Every structure is written in C-alpha cells, then in structure tokens.
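The structure file input37.cif is reproduced below (mmCIF, C-alpha atoms).
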```cif
data_start
#
loop_
_atom_site.label_atom_id
_atom_site.label_comp_id
_atom_site.auth_asym_id
_atom_site.auth_seq_id
_atom_site.Cartn_x
_atom_site.Cartn_y
_atom_site.Cartn_z
CA MET W 224 130.09 83.35 133.72
CA ARG W 225 130.50 82.22 130.12
CA ASP W 226 130.80 78.54 129.23
CA ASN W 227 133.52 77.69 126.69
CA ASN W 228 133.79 73.89 126.99
CA LEU W 229 130.32 72.48 127.27
CA VAL W 230 129.77 68.75 127.18
CA VAL W 231 126.57 68.15 125.23
CA ASP W 232 124.66 65.64 127.27
CA SER W 233 121.17 66.24 128.67
CA VAL W 234 122.14 66.14 132.38
CA ASP W 235 125.03 68.59 132.10
CA LEU W 236 123.15 70.74 129.62
CA ARG W 237 119.98 70.91 131.72
CA LYS W 238 121.94 72.14 134.75
CA LYS W 239 123.64 74.85 132.72
CA TYR W 240 120.30 75.75 131.11
CA GLU W 241 118.63 76.12 134.51
CA ASP W 242 121.54 78.20 135.81
CA LYS W 243 121.13 80.62 132.91
CA GLY W 244 117.33 80.59 132.97
CA GLN W 245 116.78 83.55 135.29
CA ARG W 246 119.22 85.69 133.34
CA TYR W 247 117.37 84.95 130.11
CA GLU W 248 114.01 85.75 131.71
CA ARG W 249 115.34 89.12 132.89
CA PHE W 250 116.92 89.66 129.48
CA ILE W 251 113.73 88.98 127.50
CA GLY W 252 111.81 91.18 129.93
CA LEU W 253 114.17 94.08 129.27
CA VAL W 254 114.06 93.55 125.49
CA SER W 255 110.24 93.53 125.60
CA LEU W 256 110.10 96.67 127.74
CA ILE W 257 112.35 98.56 125.31
CA LEU W 258 110.55 97.32 122.19
CA ASN W 259 106.98 97.85 123.40
CA SER W 260 107.77 101.36 124.65
CA ALA W 261 109.46 102.33 121.38
CA ILE W 262 106.65 100.91 119.22
CA LYS W 263 104.06 102.74 121.32
CA ASN W 264 106.02 106.02 121.27
CA ASN W 265 106.23 105.80 117.47
CA ARG W 266 102.47 105.16 117.28
CA ILE W 267 102.84 101.97 115.28
CA LYS W 268 99.79 99.75 115.60
CA ILE W 269 100.80 96.11 115.41
CA HIS W 270 98.73 92.94 115.35
CA SER W 271 100.60 90.97 118.00
CA TYR W 272 103.76 90.78 120.05
CA LYS W 273 105.09 87.51 121.45
CA SER W 274 108.22 86.83 123.46
CA ARG W 275 109.60 83.67 124.96
CA VAL W 276 112.65 81.94 126.36
CA LYS W 277 113.04 78.65 124.52
CA ASP W 278 112.04 75.80 126.83
CA TYR W 279 114.55 73.07 127.61
CA SER W 280 113.07 70.37 125.36
CA SER W 281 113.10 72.71 122.34
CA PHE W 282 116.60 73.84 123.19
CA LEU W 283 117.89 70.25 123.49
CA GLU W 284 116.18 69.23 120.23
CA LYS W 285 117.92 72.08 118.38
CA VAL W 286 121.29 71.35 119.98
CA GLU W 287 121.08 67.72 118.86
CA ARG W 288 119.69 68.52 115.39
CA LYS W 289 122.35 71.16 114.70
CA ASN W 290 125.11 69.19 116.45
CA TYR W 291 126.19 72.26 118.40
CA LYS W 292 129.55 72.05 120.15
CA ASP W 293 129.01 75.19 122.23
CA PRO W 294 125.20 75.30 122.59
CA PHE W 295 124.80 78.56 124.50
CA LYS W 296 126.96 80.41 122.03
CA GLU W 297 125.67 78.75 118.86
CA CYS W 298 121.97 78.70 119.78
CA THR W 299 121.32 82.41 119.31
CA ASP W 300 117.51 82.27 119.64
CA LEU W 301 117.24 81.07 123.24
CA ALA W 302 115.47 84.39 123.73
CA GLY W 303 113.05 85.20 120.95
CA VAL W 304 110.52 87.86 119.98
CA ARG W 305 108.02 87.82 117.12
CA ILE W 306 106.31 91.04 116.06
CA VAL W 307 103.40 90.65 113.65
CA CYS W 308 102.48 93.95 112.03
CA LEU W 309 99.68 94.95 109.70
CA PHE W 310 101.46 96.43 106.69
CA LEU W 311 104.72 95.95 104.80
CA SER W 312 105.88 99.52 105.49
CA GLN W 313 105.69 98.83 109.22
CA VAL W 314 108.37 96.15 108.87
CA LYS W 315 110.86 98.86 107.87
CA GLN W 316 109.63 101.19 110.61
CA ILE W 317 110.10 98.50 113.25
CA GLU W 318 113.51 97.56 111.84
CA LYS W 319 114.61 101.18 112.32
CA ILE W 320 113.38 101.09 115.94
CA ILE W 321 115.34 97.88 116.58
CA ARG W 322 118.50 99.34 115.05
CA ASP W 323 118.09 102.51 117.14
CA GLU W 324 117.43 100.72 120.42
CA PHE W 325 119.74 97.67 120.26
CA GLU W 326 123.15 96.53 119.13
CA VAL W 327 122.38 94.55 115.98
CA VAL W 328 124.69 91.55 115.62
CA GLU W 329 123.21 89.96 112.51
CA VAL W 330 120.39 90.58 110.02
CA THR W 331 118.66 87.97 107.87
CA ASN W 332 116.18 89.53 105.47
CA LYS W 333 114.26 86.64 104.01
CA MET W 334 112.10 89.10 102.07
CA SER W 335 115.03 90.04 99.82
CA SER W 336 116.30 86.49 99.27
CA LYS W 337 113.03 84.64 98.78
CA LYS W 338 112.31 82.06 96.11
CA TYR W 339 109.09 82.12 94.11
CA ASP W 340 107.42 79.53 96.37
CA GLN W 341 108.48 80.91 99.76
CA PHE W 342 105.91 83.53 100.76
CA GLY W 343 105.31 81.73 104.07
CA TYR W 344 108.96 82.02 105.02
CA LEU W 345 109.14 85.77 104.52
CA SER W 346 110.20 87.72 107.58
CA LEU W 347 112.95 89.95 108.85
CA HIS W 348 115.20 88.40 111.48
CA LEU W 349 117.52 90.51 113.61
CA LEU W 350 119.90 89.14 116.20
CA VAL W 351 120.41 91.77 118.89
CA LYS W 352 122.18 92.49 122.16
CA ILE W 353 121.46 95.12 124.77
CA PRO W 354 123.55 98.19 123.80
CA LYS W 355 126.45 99.32 125.95
CA LYS W 356 124.62 102.51 126.97
CA ARG W 357 122.10 100.33 128.84
CA ILE W 358 124.43 97.52 129.94
CA LYS W 359 126.49 100.00 131.96
CA PHE W 360 123.75 100.03 134.62
CA ILE W 361 124.59 97.56 137.36
CA GLU W 362 121.25 95.70 137.20
CA TYR W 363 121.89 94.81 133.54
CA ASN W 364 125.64 94.33 133.30
CA ASP W 365 125.40 90.54 133.59
CA LEU W 366 123.31 90.41 130.38
CA ASP W 367 126.03 91.64 128.02
CA ASP W 368 126.74 88.20 126.46
CA LEU W 369 123.08 87.31 125.72
CA THR W 370 121.43 87.60 122.32
CA CYS W 371 117.79 87.73 121.24
CA GLU W 372 116.34 86.91 117.85
CA ILE W 373 113.62 89.36 116.81
CA GLN W 374 111.36 88.33 113.93
CA VAL W 375 109.21 90.88 112.15
CA ARG W 376 106.56 89.93 109.58
CA THR W 377 103.13 90.99 108.36
CA ILE W 378 99.90 89.38 109.48
CA LEU W 379 99.42 87.76 106.05
CA GLN W 380 102.93 86.31 106.13
CA GLU W 381 102.17 84.96 109.59
CA ALA W 382 98.84 83.49 108.46
CA TRP W 383 100.43 81.77 105.49
CA ALA W 384 103.26 80.36 107.62
CA GLU W 385 100.79 78.97 110.17
CA ILE W 386 98.58 77.33 107.52
CA GLU W 387 101.51 76.07 105.46
CA HIS W 388 102.79 74.30 108.57
CA TYR W 389 99.79 71.93 108.34
CA LEU W 390 99.84 71.46 104.54
CA ASN W 391 102.65 68.89 104.46
CA TYR W 392 104.28 71.12 101.89
CA LYS W 393 107.69 69.38 101.93
CA SER W 394 106.06 65.99 101.33
CA THR W 395 104.13 67.47 98.42
CA LYS W 396 107.40 68.68 96.85
CA GLU W 397 109.13 65.36 97.45
CA GLU W 398 106.25 63.44 95.87
CA LYS W 399 106.27 65.90 92.94
CA ASN W 400 102.51 66.31 93.03
CA GLU W 401 102.33 69.02 90.39
CA ALA W 402 98.61 69.69 90.77
CA LEU W 403 98.91 70.44 94.48
CA LEU W 404 102.17 72.35 94.05
CA ARG W 405 100.57 74.55 91.42
CA LYS W 406 97.74 75.39 93.81
CA ILE W 407 100.19 76.12 96.66
CA PHE W 408 102.36 78.40 94.49
CA SER W 409 99.32 80.21 93.09
CA LEU W 410 97.94 80.78 96.56
CA ALA W 411 101.32 82.03 97.82
CA GLY W 412 101.30 84.54 94.95
CA MET W 413 97.78 85.69 95.85
CA PHE W 414 98.83 86.25 99.47
CA GLU W 415 101.83 88.29 98.32
CA VAL W 416 99.66 90.40 96.02
CA ALA W 417 97.17 90.88 98.89
CA ASP W 418 99.99 92.05 101.17
CA SER W 419 101.10 94.63 98.60
CA THR W 420 97.51 95.71 97.94
CA PHE W 421 96.78 96.23 101.63
CA GLU W 422 99.89 98.42 101.77
CA GLN W 423 98.64 100.52 98.85
CA ILE W 424 95.18 100.84 100.43
CA ASN W 425 96.71 101.90 103.74
CA LYS W 426 98.85 104.56 102.04
CA GLY W 427 95.84 105.86 100.12
CA PHE W 428 93.71 106.01 103.25
CA SER W 429 96.49 107.73 105.21
CA GLN W 430 96.69 110.39 102.52
CA MET W 431 92.90 110.81 102.70
CA VAL W 432 93.03 111.27 106.50
CA GLU W 433 95.96 113.70 106.33
CA ARG W 434 94.36 115.87 103.64
CA LYS W 435 92.97 118.96 105.37
CA VAL W 436 89.28 119.76 105.12
CA LYS W 437 88.37 123.19 103.75
CA ILE W 438 85.93 124.64 106.26
CA SER W 439 84.26 126.81 103.63
CA GLU W 440 83.59 123.83 101.35
CA GLY W 441 83.56 120.80 103.64
CA THR W 442 80.44 118.72 104.01
CA ILE W 443 79.49 116.81 107.14
CA THR W 444 81.02 113.33 107.06
CA ALA W 445 82.57 111.33 109.87
CA LEU W 446 86.08 111.84 108.53
CA ASN W 447 85.55 115.56 107.91
CA LEU W 448 84.24 116.00 111.47
CA TYR W 449 87.38 114.31 112.76
CA LYS W 450 89.64 116.54 110.62
CA PHE W 451 87.71 119.65 111.66
CA SER W 452 88.00 118.64 115.32
CA LYS W 453 91.79 118.35 115.00
CA ALA W 454 91.89 121.87 113.53
CA TYR W 455 89.35 123.49 115.88
CA PHE W 456 90.53 121.86 119.11
CA SER W 457 94.32 122.29 119.09
CA TRP W 458 94.75 119.87 122.01
CA PHE W 459 93.05 117.00 120.18
CA GLU W 460 95.75 114.62 118.92
CA GLU W 461 94.05 111.23 118.75
CA GLU W 462 94.74 109.25 115.58
CA TRP W 463 91.93 108.05 113.36
CA ASP W 464 91.07 104.48 114.34
CA LYS W 465 88.00 102.29 114.88
CA SER W 466 87.18 104.07 118.13
CA GLN W 467 87.26 107.51 116.47
CA GLU W 468 85.37 106.14 113.48
CA ARG W 469 82.49 104.94 115.69
CA LYS W 470 82.27 108.24 117.60
CA PHE W 471 82.31 110.46 114.53
CA PHE W 472 79.98 108.30 112.41
CA LYS W 473 77.38 108.45 115.18
CA LEU W 474 77.91 112.19 115.53
CA SER W 475 77.79 112.73 111.76
CA ASN W 476 74.41 110.98 111.45
CA GLY W 477 72.92 113.08 114.24
CA VAL W 478 74.34 116.38 112.94
CA LYS W 479 72.85 115.83 109.48
CA LYS W 480 69.45 115.02 111.01
CA LEU W 481 69.62 118.45 112.64
CA ASN W 482 69.87 119.84 109.09
CA VAL W 483 73.50 120.86 109.57
CA HIS W 484 75.22 119.69 106.39
CA LYS W 485 78.27 121.95 106.16
CA ILE W 486 81.35 122.22 108.35
CA LEU W 487 80.96 126.00 108.18
CA GLN W 488 77.52 125.75 109.81
CA LEU W 489 78.91 123.62 112.61
CA LYS W 490 81.78 126.05 113.16
CA ALA W 491 79.29 128.90 113.51
CA ILE W 492 77.41 126.94 116.21
CA LEU W 493 80.63 126.26 118.11
CA ASP W 494 81.73 129.90 117.78
CA LYS W 495 78.36 131.05 119.07
CA ASN W 496 78.90 128.92 122.19
CA LYS W 497 82.59 129.75 122.44
CA GLU W 498 82.40 130.79 126.09
CA PHE W 499 80.74 127.51 126.98
CA VAL W 500 83.34 125.56 124.97
CA SER W 501 86.11 127.48 126.72
CA ARG W 502 84.72 126.50 130.12
CA LEU W 503 84.67 122.88 129.02
CA MET W 504 88.28 123.15 127.89
CA LYS W 505 89.27 124.26 131.40
CA LYS W 506 87.73 121.05 132.74
CA GLN W 507 90.27 118.94 130.81
CA LYS W 508 92.54 118.61 133.84
CA SER W 509 89.88 116.98 135.99
CA LYS W 510 87.85 115.20 133.35
CA LYS W 511 88.78 114.15 129.83
CA ILE W 512 86.22 115.55 127.40
CA VAL W 513 86.62 114.66 123.74
CA PRO W 514 85.64 116.90 120.78
CA SER W 515 82.61 114.81 119.89
CA GLU W 516 81.14 115.47 123.38
CA ILE W 517 81.84 119.22 123.15
CA ILE W 518 80.16 119.37 119.74
CA ARG W 519 77.15 117.47 121.08
CA MET W 520 76.82 119.92 123.99
CA ALA W 521 77.05 122.92 121.67
CA LEU W 522 74.36 121.34 119.47
CA ALA W 523 72.19 120.71 122.53
CA LEU W 524 72.38 124.41 123.43
CA GLU W 525 71.51 125.37 119.88
CA PHE W 526 68.68 122.94 119.14
CA ARG W 527 67.39 122.11 122.66
CA HIS W 528 64.60 119.51 122.58
CA LYS W 529 65.15 118.70 118.90
CA PHE W 530 68.65 117.61 119.82
CA ASP W 531 67.30 115.45 122.68
CA LEU W 532 64.88 113.74 120.31
CA ILE W 533 67.38 113.04 117.53
CA PHE W 534 70.22 111.95 119.80
CA GLY W 535 67.93 110.00 122.14
CA GLN W 536 68.89 111.92 125.29
CA LYS W 537 65.66 112.99 126.92
CA GLY W 538 66.05 116.06 129.14
CA PHE W 539 69.73 116.49 128.30
CA SER W 540 69.45 120.06 126.96
CA ASP W 541 67.35 121.20 129.96
CA LYS W 542 69.93 119.81 132.39
CA LEU W 543 72.70 121.42 130.41
CA ILE W 544 71.08 124.85 130.48
CA LYS W 545 70.18 124.51 134.15
CA ASN W 546 73.81 123.86 135.03
CA LEU W 547 75.32 126.22 132.50
CA ASN W 548 76.04 128.84 135.14
CA GLY W 549 77.34 126.29 137.64
CA SER W 550 80.51 124.28 137.72
CA ASN W 551 79.18 120.75 138.06
CA TYR W 552 79.49 119.05 134.66
CA SER W 553 79.89 115.49 135.95
CA LYS W 554 76.26 114.69 135.11
CA PHE W 555 76.94 115.12 131.42
#
```
Starting from the file, give its structure as structure tokens.
Amino acid sequence: MRDNNLVVDSVDLRKKYEDKGQRYERFIGLVSLILNSAIKNNRIKIHSYKSRVKDYSSFLEKVERKNYKDPFKECTDLAGVRIVCLFLSQVKQIEKIIRDEFEVVEVTNKMSSKKYDQFGYLSLHLLVKIPKKRIKFIEYNDLDDLTCEIQVRTILQEAWAEIEHYLNYKSTKEEKNEALLRKIFSLAGMFEVADSTFEQINKGFSQMVERKVKISEGTITALNLYKFSKAYFSWFEEEWDKSQERKFFKLSNGVKKLNVHKILQLKAILDKNKEFVSRLMKKQKSKKIVPSEIIRMALALEFRHKFDLIFGQKGFSDKLIKNLNGSNYSKF
C-alpha cells in the first residue's frame, strides 16, 4: 500500500516506518544481491560495499530538516548503497552495470558539476528501482514503488570526505580563515591529482600485464612466468593480483637459482615432462592444481635433490618419482 496523505508527526511516522521496514530490508537485500553478483561477474575489484536501510532517527531528522510533506515519497534514500572503488575508470564501469541491471530514475553526477574546492563531495549518485523484468516475480512485486540511492566513488574521494567531515570546513569558510582555506584547497587538489595519477598507473600496469611475452626472448620474471602460464596452460584464467604476485615471485626466485633464466628453457623442461603434466591436468576435477605447482613438480623431476635444496622441500623429488607411476598425488 502506498501512503499519499501522511501526517508528519513522530508517532504516526514511526508506525508507518515500522510497517514498511521489512519491505525495505528485502528490497536492499535484492539490490545488494544483484549488484554484488554483477560486479563479481565483471571482475571489478572494489575496495568496499556498504548497504543500509536508514534508521528511524536519521529518517525523522531528514524529514524535519527538509520539511517533507510526503516523507516516504520524498525521502528517496531510505535504502542506500555506497560502492567505494579503486580507480576512476571503475566508476564508469559500475555505472554501466547499474544502468544494465536496474531502472534508473535519476542521476546526479557530482564529478561533472564540482566546484574547485569540492573534491570531498565528488561521487556518482543513481536513484534506482527494481526493473519490471524482475518485479514480475511474485516474491518481488510488492517492491515496485521503492527506490534505492546508489553512491559510487573512489577510495581517495571517500578518504577525503571522511577526513573533511572532521575539519570543520564550513566554519573555516564562514570565518574566512584564508590561511586554512588555502591549505584545504591545495590538499583537495593534491588528492584529485593523486586520483588521476593512480588511474594512469593502473592503465599502464594493465597494458604491461596484457602484453604477451615472447617465449623465444622472454627472461624469467614473476610477471613473465604468469604470462607464460596463461599461454601454456589454456585452462588458467586467474587475473594478476597480490596472490598471483606472491606465488610467481617465489617461483621466479627459485627458478633462477636453478640457473634457468629464459622462458624457452622452462618450456623445454615442461615439454620434456609433458606426459607427467598431462596426468596432472586430468587431476583438475578432483584437486585444483595451479600452474606454479605444476612447474615446481616438473622442475623437481628435472633437478631432483638440487630442487629440494633450493626450494626447501627435503625429499620432495624422491617422493614424486616414487609415486610417478601411481595415481596418489595428494601428498604433493
């Protein structure tokens, strides 16, 4: 039921708020499910995701401050989501996801309408409803009149906004303290430059990761081992991140200590043990084995005790050879 003639007093309003509460909780749960799934499917790594239904005291404060006549219609952010991403380009990517997944009622892009001193207020705000294609399902059809405000900003914009909240910035402007204002504006500019610079660094690094390694010329580095693994093991699709970085840096150091300095040398070792690698590949269904482990096993077969010594795995190569003709690989 929609309310068209609300009387704004705390008793009447609280009852109506409590009556709508469960609907809003279900609504924000559905919004979060859709958003999180879409962000994950698009492989966008964000810093944080927060959702909430505005509590009654905050709701009442806004109703009184804004002098709303029809609070549940005019207060459009009763349900709210904030997505804090890492880079500026991700803001546009997430905006596209929101437009694809929801019915967008209103867009406020504070990034395009900012003043020179407003870095902390930068964010993209989208007011959305569940689209008709989802509302048609019976479990959701009572949510068709609800809206959710989704805010998207970068981690630096979020950091500035949080700090600025404690700086008494408005008082500083009112008092016309030019020395402090100059520092605030300068710092806001530095944050904005940092945001743009991080974006440029991310683009440059992405290009470096995407650039294919030439097997005939490639040297052993952590990143080259990762690129080679993606080419050699067609099933390997993991993106380069801190986890991959740790694995391949450790592997890279060990490989070079074995006097293997070229990707071509490593490929020859893997080719030599192709049958063994193939048997490992068949074990993927029962046990997830990553490229770095397969490379280590191939190196263990090639270098035996030297491998054990360098990689700190005493007896590993002997166990590997002993079980090479068997089917029990769980020990490794």
Just say which residues the PyMOL selection byres ((chain W and resi 373) around 10) picks in this file, as an MDAnalysis selection string.
-> chainID W and resid 254 273:274 300 302:306 318 321 330 346:351 370:372 374:375
Name the closest residue to Lys470 (chain W) among the candidates W:Lys296, W:Arg519, W:Lys495, W:Lys263; distances are taken between atoms, counting all atoms listed in the file.
-> W:Arg519
Restricting the calculation to only C-alpha atoms, which member of W:Val234, W:Asp531, W:Lys352, W:Glu284 is positioned closest to Ile257 (chain W)?
-> W:Lys352
Please indicate the distance in Å from CA of Cys298 (chain W) to CA of Pro354 (chain W), rounded to one decimal place.
->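 Going from CA of Cys298 (chain W) over to CA of Pro354 (chain W), I get 20.0 Å.
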Work out how far apart CA of Leu311 (chain W) and CA of Val416 (chain W) are and give it in Å to one decimal.
-> 11.6 Å
Go ahead and compute the interatomic distance for CA of Ile492 (chain W) and CA of Val436 (chain W), in Å to one decimal.
->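 Value for the CA of Ile492 (chain W)-CA of Val436 (chain W) distance: 17.8 Å.
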Expansion of the PyMOL selection byres ((chain W and resi 382) around 12) into residues, as a VMD selection string = chain W and resid 270 307 to 309 342 to 345 376 to 381 383 to 389 411 414 to 415 418
In the coordinate frame of the file, compute which residues have an atom within 12 Å of (83.5, 125.5, 107.7) when using all atoms listed in the file, and state them as a ChimeraX atom specification.
-> /W:435-443,447-448,450-452,454-455,483-494
Please return the centre and edge lengths, in Å to one decimal, of a box with edges along x, y and z that contains all listed atoms of region 420-431 of chain W, widened by 5 Å on every side, as lines of an AutoDock Vina configuration file.
```
center_x = 96.4
center_y = 103.3
center_z = 101.6
size_x = 17.0
size_y = 25.1
size_z = 17.3
```
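Each of W:Asn496, W:Thr331, W:Asn546, W:Asn482 was checked against Lys529 (chain W) using all atoms listed in the file; the smallest atom-to-atom distance is that of W:Asn482.
Nearest-residue note for Asn476 (chain W): choosing from W:Lys356, W:Ser280, W:Ile533, W:Trp463, the minimum distance belongs to W:Ile533, counting only C-alpha atoms.
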Tell me which residues the PyMOL selection byres ((chain W and resi 475) around 8) grabs here, as a VMD selection string.
-> chain W and resid 443 to 445 448 471 to 474 476 to 479
Point out the residue among W:Ser312, W:Ile512, W:Gln423, W:Tyr272 with the least atom-to-atom distance to Trp458 (chain W), counting all atoms listed in the file.
-> W:Ile512
Which residue, W:Asp293, W:Glu433, W:Glu324, W:Asp367, has the smallest gap to Tyr449 (chain W) when you use all atoms listed in the file?
->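 Of W:Asp293, W:Glu433, W:Glu324, W:Asp367, the one nearest Tyr449 (chain W) is W:Glu433, counting all atoms listed in the file.
When the distance limit is 10 Å and all atoms listed in the file are what count, the residues near Tyr247 (chain W), minus those fewer than 6 positions from it on the same chain, are Tyr240, Glu241, Leu253, Arg275, Val276, Lys277, Leu301, Ala302, Leu366, Leu369, Thr370 and Cys371 of chain W.
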Do a neighbour search on Lys355 (chain W) at 9 Å with all atoms listed in the file, toss out local chain neighbours closer than 3 positions, and write the hits as a PyMOL selection string.
-> chain W and resi 325-326+352+358-359+364+367
With N, CA and C atoms as the goal, would you fill in the gaps in region 455-480 of chain W and present it as a short mmCIF file (atom, residue, chain, number, x, y, z; two decimals), keeping the file's coordinate frame?
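The resulting file, result_38.cif, is shown below:
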```
data_model
loop_
_atom_site.label_atom_id
_atom_site.label_comp_id
_atom_site.auth_asym_id
_atom_site.auth_seq_id
_atom_site.Cartn_x
_atom_site.Cartn_y
_atom_site.Cartn_z
N TYR W 455 90.07 122.57 114.99
CA TYR W 455 89.35 123.49 115.88
C TYR W 455 89.83 123.35 117.32
N PHE W 456 90.07 122.12 117.74
CA PHE W 456 90.53 121.86 119.11
C PHE W 456 92.02 121.51 119.04
N SER W 457 92.87 122.47 119.28
CA SER W 457 94.32 122.29 119.09
C SER W 457 94.90 121.20 119.97
N TRP W 458 94.24 120.88 121.09
CA TRP W 458 94.75 119.87 122.01
C TRP W 458 94.38 118.45 121.59
N PHE W 459 93.52 118.32 120.59
CA PHE W 459 93.05 117.00 120.18
C PHE W 459 94.08 116.36 119.24
N GLU W 460 94.68 115.25 119.68
CA GLU W 460 95.75 114.62 118.92
C GLU W 460 95.51 113.14 118.62
N GLU W 461 94.32 112.66 118.96
CA GLU W 461 94.05 111.23 118.75
C GLU W 461 94.10 110.88 117.27
N GLU W 462 94.69 109.71 116.96
CA GLU W 462 94.74 109.25 115.58
C GLU W 462 93.42 108.61 115.18
N TRP W 463 93.14 108.67 113.89
CA TRP W 463 91.93 108.05 113.36
C TRP W 463 92.05 106.53 113.48
N ASP W 464 91.11 105.92 114.19
CA ASP W 464 91.07 104.48 114.34
C ASP W 464 89.61 104.06 114.46
N LYS W 465 89.38 102.79 114.79
CA LYS W 465 88.00 102.29 114.88
C LYS W 465 87.20 103.02 115.95
N SER W 466 87.86 103.36 117.05
CA SER W 466 87.18 104.07 118.13
C SER W 466 86.71 105.45 117.65
N GLN W 467 87.62 106.19 116.99
CA GLN W 467 87.26 107.51 116.47
C GLN W 467 86.19 107.38 115.38
N GLU W 468 86.33 106.36 114.56
CA GLU W 468 85.37 106.14 113.48
C GLU W 468 83.95 105.97 114.04
N ARG W 469 83.81 105.16 115.09
CA ARG W 469 82.49 104.94 115.69
C ARG W 469 81.91 106.24 116.25
N LYS W 470 82.74 106.99 116.98
CA LYS W 470 82.27 108.24 117.60
C LYS W 470 81.80 109.22 116.54
N PHE W 471 82.62 109.42 115.50
CA PHE W 471 82.31 110.46 114.53
C PHE W 471 81.24 110.03 113.53
N PHE W 472 81.08 108.75 113.26
CA PHE W 472 79.98 108.30 112.41
C PHE W 472 78.65 108.54 113.12
N LYS W 473 78.61 108.22 114.41
CA LYS W 473 77.38 108.45 115.18
C LYS W 473 77.07 109.94 115.24
N LEU W 474 78.09 110.74 115.47
CA LEU W 474 77.91 112.19 115.53
C LEU W 474 77.48 112.73 114.17
N SER W 475 78.11 112.27 113.11
CA SER W 475 77.79 112.73 111.76
C SER W 475 76.32 112.48 111.42
N ASN W 476 75.81 111.30 111.74
CA ASN W 476 74.41 110.98 111.45
C ASN W 476 73.46 111.92 112.18
N GLY W 477 73.77 112.19 113.46
CA GLY W 477 72.92 113.08 114.24
C GLY W 477 72.97 114.52 113.75
N VAL W 478 74.17 115.00 113.42
CA VAL W 478 74.34 116.38 112.94
C VAL W 478 73.54 116.61 111.67
N LYS W 479 73.58 115.67 110.75
CA LYS W 479 72.85 115.83 109.48
C LYS W 479 71.33 115.80 109.70
N LYS W 480 70.89 115.03 110.70
CA LYS W 480 69.45 115.02 111.01
C LYS W 480 68.98 116.35 111.60
#
```
